[in-house]
$ cat coords-v4.cif   # mmCIF, N, CA and C atoms
data_structure
#
loop_
_atom_site.label_atom_id
_atom_site.label_comp_id
_atom_site.auth_asym_id
_atom_site.auth_seq_id
_atom_site.Cartn_x
_atom_site.Cartn_y
_atom_site.Cartn_z
N MET A 698 -69.72 -57.68 40.15
CA MET A 698 -70.29 -59.00 40.31
C MET A 698 -70.71 -59.19 41.77
N ILE A 699 -71.79 -59.93 41.94
CA ILE A 699 -72.27 -60.18 43.29
C ILE A 699 -71.62 -61.46 43.82
N ALA A 700 -71.63 -61.63 45.14
CA ALA A 700 -71.00 -62.80 45.77
C ALA A 700 -72.07 -63.64 46.45
N LEU A 701 -72.11 -64.92 46.08
CA LEU A 701 -73.00 -65.88 46.71
C LEU A 701 -72.16 -66.75 47.63
N LEU A 702 -72.45 -66.71 48.92
CA LEU A 702 -71.64 -67.42 49.91
C LEU A 702 -72.50 -68.31 50.78
N PRO A 703 -71.87 -69.34 51.38
CA PRO A 703 -72.60 -70.08 52.41
C PRO A 703 -72.74 -69.19 53.63
N ASN A 704 -73.41 -69.67 54.63
CA ASN A 704 -73.66 -68.86 55.82
C ASN A 704 -72.39 -68.18 56.34
N THR A 705 -72.49 -66.91 56.66
CA THR A 705 -71.37 -66.14 57.17
C THR A 705 -71.89 -65.17 58.22
N ASP A 706 -70.99 -64.68 59.05
CA ASP A 706 -71.40 -63.71 60.07
C ASP A 706 -71.69 -62.37 59.44
N GLY A 707 -72.81 -61.80 59.78
CA GLY A 707 -73.13 -60.50 59.23
C GLY A 707 -74.48 -60.02 59.71
N VAL A 708 -74.80 -58.82 59.28
CA VAL A 708 -76.05 -58.18 59.65
C VAL A 708 -77.02 -58.29 58.47
N PRO A 709 -78.18 -58.91 58.67
CA PRO A 709 -79.15 -59.01 57.57
C PRO A 709 -79.63 -57.61 57.15
N LYS A 710 -79.63 -57.37 55.85
CA LYS A 710 -80.07 -56.08 55.32
C LYS A 710 -81.36 -56.19 54.50
N ALA A 711 -81.56 -57.34 53.85
CA ALA A 711 -82.74 -57.51 53.01
C ALA A 711 -82.90 -58.98 52.67
N ARG A 712 -84.05 -59.30 52.09
CA ARG A 712 -84.31 -60.64 51.57
C ARG A 712 -84.65 -60.52 50.09
N LEU A 713 -84.23 -61.53 49.34
CA LEU A 713 -84.52 -61.55 47.91
C LEU A 713 -85.15 -62.88 47.53
N SER A 714 -86.04 -62.83 46.56
CA SER A 714 -86.58 -64.07 46.01
C SER A 714 -85.57 -64.64 45.02
N ASP A 715 -85.78 -65.87 44.62
CA ASP A 715 -84.91 -66.48 43.62
C ASP A 715 -84.96 -65.70 42.30
N ARG A 716 -86.15 -65.23 41.94
CA ARG A 716 -86.29 -64.47 40.68
C ARG A 716 -85.52 -63.15 40.73
N ALA A 717 -85.55 -62.48 41.88
CA ALA A 717 -84.80 -61.22 42.01
C ALA A 717 -83.30 -61.48 41.92
N LEU A 718 -82.84 -62.57 42.53
CA LEU A 718 -81.42 -62.91 42.45
C LEU A 718 -81.03 -63.23 41.02
N GLU A 719 -81.87 -63.96 40.31
CA GLU A 719 -81.59 -64.28 38.91
C GLU A 719 -81.44 -63.00 38.08
N ALA A 720 -82.28 -62.02 38.33
CA ALA A 720 -82.19 -60.75 37.60
C ALA A 720 -80.86 -60.05 37.90
N LEU A 721 -80.42 -60.08 39.14
CA LEU A 721 -79.12 -59.49 39.50
C LEU A 721 -77.98 -60.20 38.79
N ILE A 722 -78.04 -61.52 38.74
CA ILE A 722 -76.98 -62.28 38.08
C ILE A 722 -76.95 -61.98 36.59
N ARG A 723 -78.13 -61.84 35.96
CA ARG A 723 -78.17 -61.47 34.53
C ARG A 723 -77.50 -60.13 34.30
N ARG A 724 -77.74 -59.19 35.21
CA ARG A 724 -77.23 -57.83 35.04
C ARG A 724 -75.77 -57.69 35.43
N GLU A 725 -75.35 -58.35 36.54
CA GLU A 725 -74.03 -58.09 37.09
C GLU A 725 -73.08 -59.28 37.08
N GLY A 726 -73.59 -60.50 36.93
CA GLY A 726 -72.75 -61.69 37.05
C GLY A 726 -72.57 -62.04 38.53
N ALA A 727 -71.91 -63.19 38.79
CA ALA A 727 -71.79 -63.62 40.18
C ALA A 727 -70.54 -64.46 40.41
N TYR A 728 -70.00 -64.31 41.61
CA TYR A 728 -69.00 -65.24 42.14
C TYR A 728 -69.76 -66.19 43.04
N VAL A 729 -69.53 -67.48 42.88
CA VAL A 729 -70.24 -68.49 43.66
C VAL A 729 -69.22 -69.29 44.47
N HIS A 730 -69.44 -69.40 45.77
CA HIS A 730 -68.57 -70.20 46.62
C HIS A 730 -68.77 -71.67 46.27
N PRO A 731 -67.68 -72.45 46.16
CA PRO A 731 -67.82 -73.85 45.74
C PRO A 731 -68.69 -74.70 46.68
N ARG A 732 -68.76 -74.34 47.95
CA ARG A 732 -69.57 -75.11 48.89
C ARG A 732 -71.06 -75.03 48.54
N LEU A 733 -71.52 -73.91 47.97
CA LEU A 733 -72.92 -73.80 47.56
C LEU A 733 -73.25 -74.79 46.45
N VAL A 734 -72.30 -75.00 45.55
CA VAL A 734 -72.50 -75.95 44.46
C VAL A 734 -72.47 -77.37 45.02
N LYS A 735 -71.50 -77.66 45.86
CA LYS A 735 -71.34 -79.00 46.44
C LYS A 735 -72.55 -79.40 47.27
N GLU A 736 -73.09 -78.47 48.06
CA GLU A 736 -74.23 -78.78 48.94
C GLU A 736 -75.58 -78.69 48.23
N GLY A 737 -75.59 -78.31 46.96
CA GLY A 737 -76.83 -78.28 46.19
C GLY A 737 -77.68 -77.04 46.37
N TRP A 738 -77.13 -75.96 46.93
CA TRP A 738 -77.89 -74.72 47.08
C TRP A 738 -78.12 -74.04 45.74
N VAL A 739 -77.18 -74.23 44.81
CA VAL A 739 -77.32 -73.61 43.49
C VAL A 739 -77.04 -74.65 42.41
N ASP A 740 -77.65 -74.45 41.26
CA ASP A 740 -77.39 -75.27 40.08
C ASP A 740 -76.46 -74.45 39.19
N LEU A 741 -75.21 -74.86 39.13
CA LEU A 741 -74.21 -74.08 38.42
C LEU A 741 -74.55 -73.89 36.94
N GLU A 742 -75.05 -74.94 36.29
CA GLU A 742 -75.40 -74.82 34.87
C GLU A 742 -76.52 -73.80 34.66
N ALA A 743 -77.50 -73.79 35.56
CA ALA A 743 -78.60 -72.83 35.44
C ALA A 743 -78.09 -71.40 35.65
N LEU A 744 -77.18 -71.22 36.60
CA LEU A 744 -76.63 -69.88 36.83
C LEU A 744 -75.79 -69.42 35.64
N GLU A 745 -74.99 -70.32 35.09
CA GLU A 745 -74.16 -69.96 33.94
C GLU A 745 -75.02 -69.56 32.74
N ALA A 746 -76.22 -70.12 32.64
CA ALA A 746 -77.13 -69.76 31.54
C ALA A 746 -77.64 -68.33 31.71
N LEU A 747 -77.62 -67.81 32.95
CA LEU A 747 -78.10 -66.45 33.20
C LEU A 747 -77.07 -65.38 32.84
N GLY A 748 -75.79 -65.71 32.97
CA GLY A 748 -74.76 -64.71 32.72
C GLY A 748 -73.40 -65.19 33.18
N HIS A 749 -72.48 -64.25 33.34
CA HIS A 749 -71.11 -64.58 33.73
C HIS A 749 -71.07 -65.04 35.19
N VAL A 750 -70.62 -66.28 35.40
CA VAL A 750 -70.55 -66.85 36.75
C VAL A 750 -69.18 -67.50 36.93
N GLU A 751 -68.55 -67.23 38.06
CA GLU A 751 -67.27 -67.86 38.40
C GLU A 751 -67.39 -68.54 39.75
N VAL A 752 -66.85 -69.75 39.85
CA VAL A 752 -66.79 -70.44 41.13
C VAL A 752 -65.45 -70.08 41.76
N ALA A 753 -65.51 -69.52 42.96
CA ALA A 753 -64.29 -69.07 43.63
C ALA A 753 -64.48 -69.09 45.14
N GLU A 754 -63.43 -69.45 45.85
CA GLU A 754 -63.44 -69.40 47.32
C GLU A 754 -63.23 -67.94 47.70
N LEU A 755 -64.27 -67.34 48.25
CA LEU A 755 -64.23 -65.91 48.57
C LEU A 755 -64.11 -65.68 50.07
N HIS A 756 -63.45 -64.59 50.42
CA HIS A 756 -63.34 -64.17 51.82
C HIS A 756 -63.66 -62.68 51.86
N PRO A 757 -64.94 -62.35 52.02
CA PRO A 757 -65.34 -60.94 51.97
C PRO A 757 -64.80 -60.14 53.15
N LEU A 758 -64.59 -58.88 52.92
CA LEU A 758 -64.11 -57.97 53.96
C LEU A 758 -65.29 -57.41 54.75
N PRO A 759 -65.05 -57.00 55.98
CA PRO A 759 -66.13 -56.38 56.76
C PRO A 759 -66.73 -55.19 56.01
N GLY A 760 -68.05 -55.13 56.04
CA GLY A 760 -68.76 -54.04 55.35
C GLY A 760 -69.24 -54.41 53.97
N GLU A 761 -68.68 -55.44 53.36
CA GLU A 761 -69.15 -55.85 52.04
C GLU A 761 -70.49 -56.56 52.16
N ARG A 762 -71.29 -56.45 51.11
CA ARG A 762 -72.59 -57.12 51.09
C ARG A 762 -72.49 -58.38 50.25
N VAL A 763 -73.02 -59.47 50.81
CA VAL A 763 -73.00 -60.76 50.15
C VAL A 763 -74.40 -61.36 50.19
N PHE A 764 -74.63 -62.37 49.38
CA PHE A 764 -75.92 -63.04 49.30
C PHE A 764 -75.76 -64.45 49.86
N VAL A 765 -76.64 -64.80 50.80
CA VAL A 765 -76.57 -66.07 51.51
C VAL A 765 -77.90 -66.79 51.34
N PRO A 766 -77.87 -68.10 50.99
CA PRO A 766 -79.13 -68.82 50.81
C PRO A 766 -79.84 -69.06 52.14
N THR A 767 -81.17 -68.98 52.09
CA THR A 767 -82.01 -69.32 53.23
C THR A 767 -83.11 -70.24 52.70
N ARG A 768 -83.89 -70.79 53.58
CA ARG A 768 -84.99 -71.66 53.14
C ARG A 768 -86.06 -70.90 52.37
N ALA A 769 -86.16 -69.61 52.61
CA ALA A 769 -87.21 -68.79 51.98
C ALA A 769 -86.69 -67.93 50.84
N GLY A 770 -85.49 -68.14 50.37
CA GLY A 770 -84.92 -67.32 49.30
C GLY A 770 -83.47 -67.00 49.60
N TRP A 771 -83.12 -65.74 49.47
CA TRP A 771 -81.74 -65.29 49.70
C TRP A 771 -81.75 -64.09 50.63
N ALA A 772 -80.76 -64.05 51.51
CA ALA A 772 -80.61 -62.92 52.41
C ALA A 772 -79.40 -62.10 51.97
N VAL A 773 -79.54 -60.79 52.05
CA VAL A 773 -78.42 -59.89 51.80
C VAL A 773 -77.81 -59.59 53.17
N LEU A 774 -76.53 -59.93 53.32
CA LEU A 774 -75.85 -59.68 54.60
C LEU A 774 -74.73 -58.68 54.41
N GLU A 775 -74.57 -57.82 55.38
CA GLU A 775 -73.40 -56.95 55.45
C GLU A 775 -72.41 -57.67 56.39
N VAL A 776 -71.28 -58.05 55.84
CA VAL A 776 -70.31 -58.85 56.58
C VAL A 776 -69.81 -58.10 57.81
N ALA A 777 -69.80 -58.81 58.93
CA ALA A 777 -69.34 -58.21 60.20
C ALA A 777 -67.83 -58.24 60.29
#

$ encode --input "coords-v4.cif" --output "C-alpha cells"
Amino acid sequence: MIALLPNTDGVPKARLSDRALEALIRREGAYVHPRLVKEGWVDLEALEALGHVEVAELHPLPGERVFVPTRAGWAVLEVA
C-alpha cells in the first residue's frame, strides 16, 4: 500500500498527476494521513471507491517513499 502524507522532509523523486495516483490506489491501496482528510486535500469517499484505503497516522522511516500533495498534483518524496 502507498502512503499519502502531509508535507514531510524528504528528497523529491517524481511528480504524479491525480489520475496516476488514482491508478496506483486502485492497484495497491493506500494509507492516508488524517490531516489530509481534515484539510481537504483528499476526498475519503472518492478514494475508498477506488480501492482499499485506511486512515492512519503514519511515521515513515528514512528512505521510504511517500506521496505528498502539491498544488500541481502529487510529489513522490524519499523521506530524509

$ closest_residue --input "coords-v4.cif" --among "A:Arg724, A:His730, A:His749, A:Arg716" --to "Leu701 in chain A" --atoms "all atoms listed in the file"
A:His730

$ resolve_selection --input "coords-v4.cif" --expression "the PyMOL selection byres ((chain A and resi 763) around 6)" --output "NGL selection string"
:A and (700-702 or 761-762 or 764-765 or 772-776)

$ resolve_selection --input "coords-v4.cif" --expression "the PyMOL selection byres ((chain A and resi 771) around 7)" --output "JSON list (two decimals) with N, CA and C atoms, in the frame of the given file"
[["chain", "number", "residue", "atom", "x", "y", "z"],
["A", 711, "ALA", "N", -81.56, -57.34, 53.85],
["A", 711, "ALA", "CA", -82.74, -57.51, 53.01],
["A", 711, "ALA", "C", -82.90, -58.98, 52.67],
["A", 712, "ARG", "N", -84.05, -59.30, 52.09],
["A", 712, "ARG", "CA", -84.31, -60.64, 51.57],
["A", 712, "ARG", "C", -84.65, -60.52, 50.09],
["A", 713, "LEU", "N", -84.23, -61.53, 49.34],
["A", 713, "LEU", "CA", -84.52, -61.55, 47.91],
["A", 713, "LEU", "C", -85.15, -62.88, 47.53],
["A", 714, "SER", "N", -86.04, -62.83, 46.56],
["A", 714, "SER", "CA", -86.58, -64.07, 46.01],
["A", 714, "SER", "C", -85.57, -64.64, 45.02],
["A", 715, "ASP", "N", -85.78, -65.87, 44.62],
["A", 715, "ASP", "CA", -84.91, -66.48, 43.62],
["A", 715, "ASP", "C", -84.96, -65.70, 42.30],
["A", 764, "PHE", "N", -74.63, -62.37, 49.38],
["A", 764, "PHE", "CA", -75.92, -63.04, 49.30],
["A", 764, "PHE", "C", -75.76, -64.45, 49.86],
["A", 765, "VAL", "N", -76.64, -64.80, 50.80],
["A", 765, "VAL", "CA", -76.57, -66.07, 51.51],
["A", 765, "VAL", "C", -77.90, -66.79, 51.34],
["A", 766, "PRO", "N", -77.87, -68.10, 50.99],
["A", 766, "PRO", "CA", -79.13, -68.82, 50.81],
["A", 766, "PRO", "C", -79.84, -69.06, 52.14],
["A", 767, "THR", "N", -81.17, -68.98, 52.09],
["A", 767, "THR", "CA", -82.01, -69.32, 53.23],
["A", 767, "THR", "C", -83.11, -70.24, 52.70],
["A", 768, "ARG", "N", -83.89, -70.79, 53.58],
["A", 768, "ARG", "CA", -84.99, -71.66, 53.14],
["A", 768, "ARG", "C", -86.06, -70.90, 52.37],
["A", 769, "ALA", "N", -86.16, -69.61, 52.61],
["A", 769, "ALA", "CA", -87.21, -68.79, 51.98],
["A", 769, "ALA", "C", -86.69, -67.93, 50.84],
["A", 770, "GLY", "N", -85.49, -68.14, 50.37],
["A", 770, "GLY", "CA", -84.92, -67.32, 49.30],
["A", 770, "GLY", "C", -83.47, -67.00, 49.60],
["A", 772, "ALA", "N", -80.76, -64.05, 51.51],
["A", 772, "ALA", "CA", -80.61, -62.92, 52.41],
["A", 772, "ALA", "C", -79.40, -62.10, 51.97],
["A", 773, "VAL", "N", -79.54, -60.79, 52.05],
["A", 773, "VAL", "CA", -78.42, -59.89, 51.80],
["A", 773, "VAL", "C", -77.81, -59.59, 53.17]]

$ axis_aligned_box --input "coords-v4.cif" --around "range 724-741 of chain A" --padding-each-side "8 Å" --output "AutoDock Vina command-line options"
--center_x -72.9 --center_y -68.5 --center_z 42.0 --size_x 26.4 --size_y 37.7 --size_z 29.9

$ select_by_dssp --input "coords-v4.cif" --residues "chain A" --states "strand (DSSP E or B)" --output "MDAnalysis selection string"
chainID A and resid 699:701 707:713 727:729 750:752 762:767 770:776

$ atom_distance --input "coords-v4.cif" --atom1 "atom N of Lys710 in chain A" --atom2 "CA of Ala746 in chain A"
27.4 Å

$ closest_residue --input "coords-v4.cif" --among "A:Gly726, A:Ile699, A:Arg732, A:Thr705" --to "Gly748 in chain A" --atoms "only C-alpha atoms"
A:Gly726

$ select_by_dssp --input "coords-v4.cif" --residues "chain A" --states "alpha helix (DSSP H)" --output "PDB file with N, CA and C atoms, keeping the file's coordinate frame"
ATOM      1  N   ASP A 715     -85.780 -65.870  44.620  1.00  0.00           N
ATOM      2  CA  ASP A 715     -84.910 -66.480  43.620  1.00  0.00           C
ATOM      3  C   ASP A 715     -84.960 -65.700  42.300  1.00  0.00           C
ATOM      4  N   ARG A 716     -86.150 -65.230  41.940  1.00  0.00           N
ATOM      5  CA  ARG A 716     -86.290 -64.470  40.680  1.00  0.00           C
ATOM      6  C   ARG A 716     -85.520 -63.150  40.730  1.00  0.00           C
ATOM      7  N   ALA A 717     -85.550 -62.480  41.880  1.00  0.00           N
ATOM      8  CA  ALA A 717     -84.800 -61.220  42.010  1.00  0.00           C
ATOM      9  C   ALA A 717     -83.300 -61.480  41.920  1.00  0.00           C
ATOM     10  N   LEU A 718     -82.840 -62.570  42.530  1.00  0.00           N
ATOM     11  CA  LEU A 718     -81.420 -62.910  42.450  1.00  0.00           C
ATOM     12  C   LEU A 718     -81.030 -63.230  41.020  1.00  0.00           C
ATOM     13  N   GLU A 719     -81.870 -63.960  40.310  1.00  0.00           N
ATOM     14  CA  GLU A 719     -81.590 -64.280  38.910  1.00  0.00           C
ATOM     15  C   GLU A 719     -81.440 -63.000  38.080  1.00  0.00           C
ATOM     16  N   ALA A 720     -82.280 -62.020  38.330  1.00  0.00           N
ATOM     17  CA  ALA A 720     -82.190 -60.750  37.600  1.00  0.00           C
ATOM     18  C   ALA A 720     -80.860 -60.050  37.900  1.00  0.00           C
ATOM     19  N   LEU A 721     -80.420 -60.080  39.140  1.00  0.00           N
ATOM     20  CA  LEU A 721     -79.120 -59.490  39.500  1.00  0.00           C
ATOM     21  C   LEU A 721     -77.980 -60.200  38.790  1.00  0.00           C
ATOM     22  N   ILE A 722     -78.040 -61.520  38.740  1.00  0.00           N
ATOM     23  CA  ILE A 722     -76.980 -62.280  38.080  1.00  0.00           C
ATOM     24  C   ILE A 722     -76.950 -61.980  36.590  1.00  0.00           C
ATOM     25  N   ARG A 723     -78.130 -61.840  35.960  1.00  0.00           N
ATOM     26  CA  ARG A 723     -78.170 -61.470  34.530  1.00  0.00           C
ATOM     27  C   ARG A 723     -77.500 -60.130  34.300  1.00  0.00           C
ATOM     28  N   ARG A 724     -77.740 -59.190  35.210  1.00  0.00           N
ATOM     29  CA  ARG A 724     -77.230 -57.830  35.040  1.00  0.00           C
ATOM     30  C   ARG A 724     -75.770 -57.690  35.430  1.00  0.00           C
ATOM     31  N   GLU A 725     -75.350 -58.350  36.540  1.00  0.00           N
ATOM     32  CA  GLU A 725     -74.030 -58.090  37.090  1.00  0.00           C
ATOM     33  C   GLU A 725     -73.080 -59.280  37.080  1.00  0.00           C
ATOM     34  N   PRO A 731     -67.680 -72.450  46.160  1.00  0.00           N
ATOM     35  CA  PRO A 731     -67.820 -73.850  45.740  1.00  0.00           C
ATOM     36  C   PRO A 731     -68.690 -74.700  46.680  1.00  0.00           C
ATOM     37  N   ARG A 732     -68.760 -74.340  47.950  1.00  0.00           N
ATOM     38  CA  ARG A 732     -69.570 -75.110  48.890  1.00  0.00           C
ATOM     39  C   ARG A 732     -71.060 -75.030  48.540  1.00  0.00           C
ATOM     40  N   LEU A 733     -71.520 -73.910  47.970  1.00  0.00           N
ATOM     41  CA  LEU A 733     -72.920 -73.800  47.560  1.00  0.00           C
ATOM     42  C   LEU A 733     -73.250 -74.790  46.450  1.00  0.00           C
ATOM     43  N   VAL A 734     -72.300 -75.000  45.550  1.00  0.00           N
ATOM     44  CA  VAL A 734     -72.500 -75.950  44.460  1.00  0.00           C
ATOM     45  C   VAL A 734     -72.470 -77.370  45.020  1.00  0.00           C
ATOM     46  N   LYS A 735     -71.500 -77.660  45.860  1.00  0.00           N
ATOM     47  CA  LYS A 735     -71.340 -79.000  46.440  1.00  0.00           C
ATOM     48  C   LYS A 735     -72.550 -79.400  47.270  1.00  0.00           C
ATOM     49  N   LEU A 741     -75.210 -74.860  39.130  1.00  0.00           N
ATOM     50  CA  LEU A 741     -74.210 -74.080  38.420  1.00  0.00           C
ATOM     51  C   LEU A 741     -74.550 -73.890  36.940  1.00  0.00           C
ATOM     52  N   GLU A 742     -75.050 -74.940  36.290  1.00  0.00           N
ATOM     53  CA  GLU A 742     -75.400 -74.820  34.870  1.00  0.00           C
ATOM     54  C   GLU A 742     -76.520 -73.800  34.660  1.00  0.00           C
ATOM     55  N   ALA A 743     -77.500 -73.790  35.560  1.00  0.00           N
ATOM     56  CA  ALA A 743     -78.600 -72.830  35.440  1.00  0.00           C
ATOM     57  C   ALA A 743     -78.090 -71.400  35.650  1.00  0.00           C
ATOM     58  N   LEU A 744     -77.180 -71.220  36.600  1.00  0.00           N
ATOM     59  CA  LEU A 744     -76.630 -69.880  36.830  1.00  0.00           C
ATOM     60  C   LEU A 744     -75.790 -69.420  35.640  1.00  0.00           C
ATOM     61  N   GLU A 745     -74.990 -70.320  35.090  1.00  0.00           N
ATOM     62  CA  GLU A 745     -74.160 -69.960  33.940  1.00  0.00           C
ATOM     63  C   GLU A 745     -75.020 -69.560  32.740  1.00  0.00           C
ATOM     64  N   ALA A 746     -76.220 -70.120  32.640  1.00  0.00           N
ATOM     65  CA  ALA A 746     -77.130 -69.760  31.540  1.00  0.00           C
ATOM     66  C   ALA A 746     -77.640 -68.330  31.710  1.00  0.00           C
ATOM     67  N   LEU A 747     -77.620 -67.810  32.950  1.00  0.00           N
ATOM     68  CA  LEU A 747     -78.100 -66.450  33.200  1.00  0.00           C
ATOM     69  C   LEU A 747     -77.070 -65.380  32.840  1.00  0.00           C
TER      70      LEU A 747
END

$ atom_distance --input "coords-v4.cif" --atom1 "CA of Trp738 in chain A" --atom2 "CA of Val708 in chain A"
20.9 Å

$ atom_distance --input "coords-v4.cif" --atom1 "CA of Leu721 in chain A" --atom2 "atom N of Val752 in chain A"
16.0 Å

$ closest_residue --input "coords-v4.cif" --among "A:Val734, A:Ala753, A:Ala743, A:Met698" --to "Ile722 in chain A" --atoms "only C-alpha atoms"
A:Met698

$ closest_residue --input "coords-v4.cif" --among "A:Asp740, A:Asp706, A:Glu719, A:Glu745" --to "Pro757 in chain A" --atoms "only C-alpha atoms"
A:Asp706

$ build_atoms --input "coords-v4.cif" --residues "range 746-760 of chain A" --atoms "N, CA, C and O atoms" --output "PDB file, keeping the file's coordinate frame"
ATOM      1  N   ALA A 746     -76.220 -70.120  32.640  1.00  0.00           N
ATOM      2  CA  ALA A 746     -77.130 -69.760  31.540  1.00  0.00           C
ATOM      3  C   ALA A 746     -77.640 -68.330  31.710  1.00  0.00           C
ATOM      4  O   ALA A 746     -78.042 -67.701  30.728  1.00  0.00           O
ATOM      5  N   LEU A 747     -77.620 -67.810  32.950  1.00  0.00           N
ATOM      6  CA  LEU A 747     -78.100 -66.450  33.200  1.00  0.00           C
ATOM      7  C   LEU A 747     -77.070 -65.380  32.840  1.00  0.00           C
ATOM      8  O   LEU A 747     -77.428 -64.265  32.492  1.00  0.00           O
ATOM      9  N   GLY A 748     -75.790 -65.710  32.970  1.00  0.00           N
ATOM     10  CA  GLY A 748     -74.760 -64.710  32.720  1.00  0.00           C
ATOM     11  C   GLY A 748     -73.400 -65.190  33.180  1.00  0.00           C
ATOM     12  O   GLY A 748     -73.197 -66.382  33.419  1.00  0.00           O
ATOM     13  N   HIS A 749     -72.480 -64.250  33.340  1.00  0.00           N
ATOM     14  CA  HIS A 749     -71.110 -64.580  33.730  1.00  0.00           C
ATOM     15  C   HIS A 749     -71.070 -65.040  35.190  1.00  0.00           C
ATOM     16  O   HIS A 749     -71.447 -64.297  36.089  1.00  0.00           O
ATOM     17  N   VAL A 750     -70.620 -66.280  35.400  1.00  0.00           N
ATOM     18  CA  VAL A 750     -70.550 -66.850  36.750  1.00  0.00           C
ATOM     19  C   VAL A 750     -69.180 -67.500  36.930  1.00  0.00           C
ATOM     20  O   VAL A 750     -68.717 -68.215  36.040  1.00  0.00           O
ATOM     21  N   GLU A 751     -68.550 -67.230  38.060  1.00  0.00           N
ATOM     22  CA  GLU A 751     -67.270 -67.860  38.400  1.00  0.00           C
ATOM     23  C   GLU A 751     -67.390 -68.540  39.750  1.00  0.00           C
ATOM     24  O   GLU A 751     -67.977 -67.974  40.680  1.00  0.00           O
ATOM     25  N   VAL A 752     -66.850 -69.750  39.850  1.00  0.00           N
ATOM     26  CA  VAL A 752     -66.790 -70.440  41.130  1.00  0.00           C
ATOM     27  C   VAL A 752     -65.450 -70.080  41.760  1.00  0.00           C
ATOM     28  O   VAL A 752     -64.399 -70.271  41.154  1.00  0.00           O
ATOM     29  N   ALA A 753     -65.510 -69.520  42.960  1.00  0.00           N
ATOM     30  CA  ALA A 753     -64.290 -69.070  43.630  1.00  0.00           C
ATOM     31  C   ALA A 753     -64.480 -69.090  45.140  1.00  0.00           C
ATOM     32  O   ALA A 753     -65.564 -68.791  45.638  1.00  0.00           O
ATOM     33  N   GLU A 754     -63.430 -69.450  45.850  1.00  0.00           N
ATOM     34  CA  GLU A 754     -63.440 -69.400  47.320  1.00  0.00           C
ATOM     35  C   GLU A 754     -63.230 -67.940  47.700  1.00  0.00           C
ATOM     36  O   GLU A 754     -62.175 -67.368  47.471  1.00  0.00           O
ATOM     37  N   LEU A 755     -64.270 -67.340  48.250  1.00  0.00           N
ATOM     38  CA  LEU A 755     -64.230 -65.910  48.570  1.00  0.00           C
ATOM     39  C   LEU A 755     -64.110 -65.680  50.070  1.00  0.00           C
ATOM     40  O   LEU A 755     -64.629 -66.459  50.861  1.00  0.00           O
ATOM     41  N   HIS A 756     -63.450 -64.590  50.420  1.00  0.00           N
ATOM     42  CA  HIS A 756     -63.340 -64.170  51.820  1.00  0.00           C
ATOM     43  C   HIS A 756     -63.660 -62.680  51.860  1.00  0.00           C
ATOM     44  O   HIS A 756     -62.762 -61.847  51.741  1.00  0.00           O
ATOM     45  N   PRO A 757     -64.940 -62.350  52.020  1.00  0.00           N
ATOM     46  CA  PRO A 757     -65.340 -60.940  51.970  1.00  0.00           C
ATOM     47  C   PRO A 757     -64.800 -60.140  53.150  1.00  0.00           C
ATOM     48  O   PRO A 757     -64.598 -60.677  54.248  1.00  0.00           O
ATOM     49  N   LEU A 758     -64.590 -58.880  52.920  1.00  0.00           N
ATOM     50  CA  LEU A 758     -64.110 -57.970  53.960  1.00  0.00           C
ATOM     51  C   LEU A 758     -65.290 -57.410  54.750  1.00  0.00           C
ATOM     52  O   LEU A 758     -66.407 -57.341  54.234  1.00  0.00           O
ATOM     53  N   PRO A 759     -65.050 -57.000  55.980  1.00  0.00           N
ATOM     54  CA  PRO A 759     -66.130 -56.380  56.760  1.00  0.00           C
ATOM     55  C   PRO A 759     -66.730 -55.190  56.010  1.00  0.00           C
ATOM     56  O   PRO A 759     -66.022 -54.409  55.385  1.00  0.00           O
ATOM     57  N   GLY A 760     -68.050 -55.130  56.040  1.00  0.00           N
ATOM     58  CA  GLY A 760     -68.760 -54.040  55.350  1.00  0.00           C
ATOM     59  C   GLY A 760     -69.240 -54.410  53.970  1.00  0.00           C
ATOM     60  O   GLY A 760     -70.140 -53.752  53.442  1.00  0.00           O
TER      61      GLY A 760
END
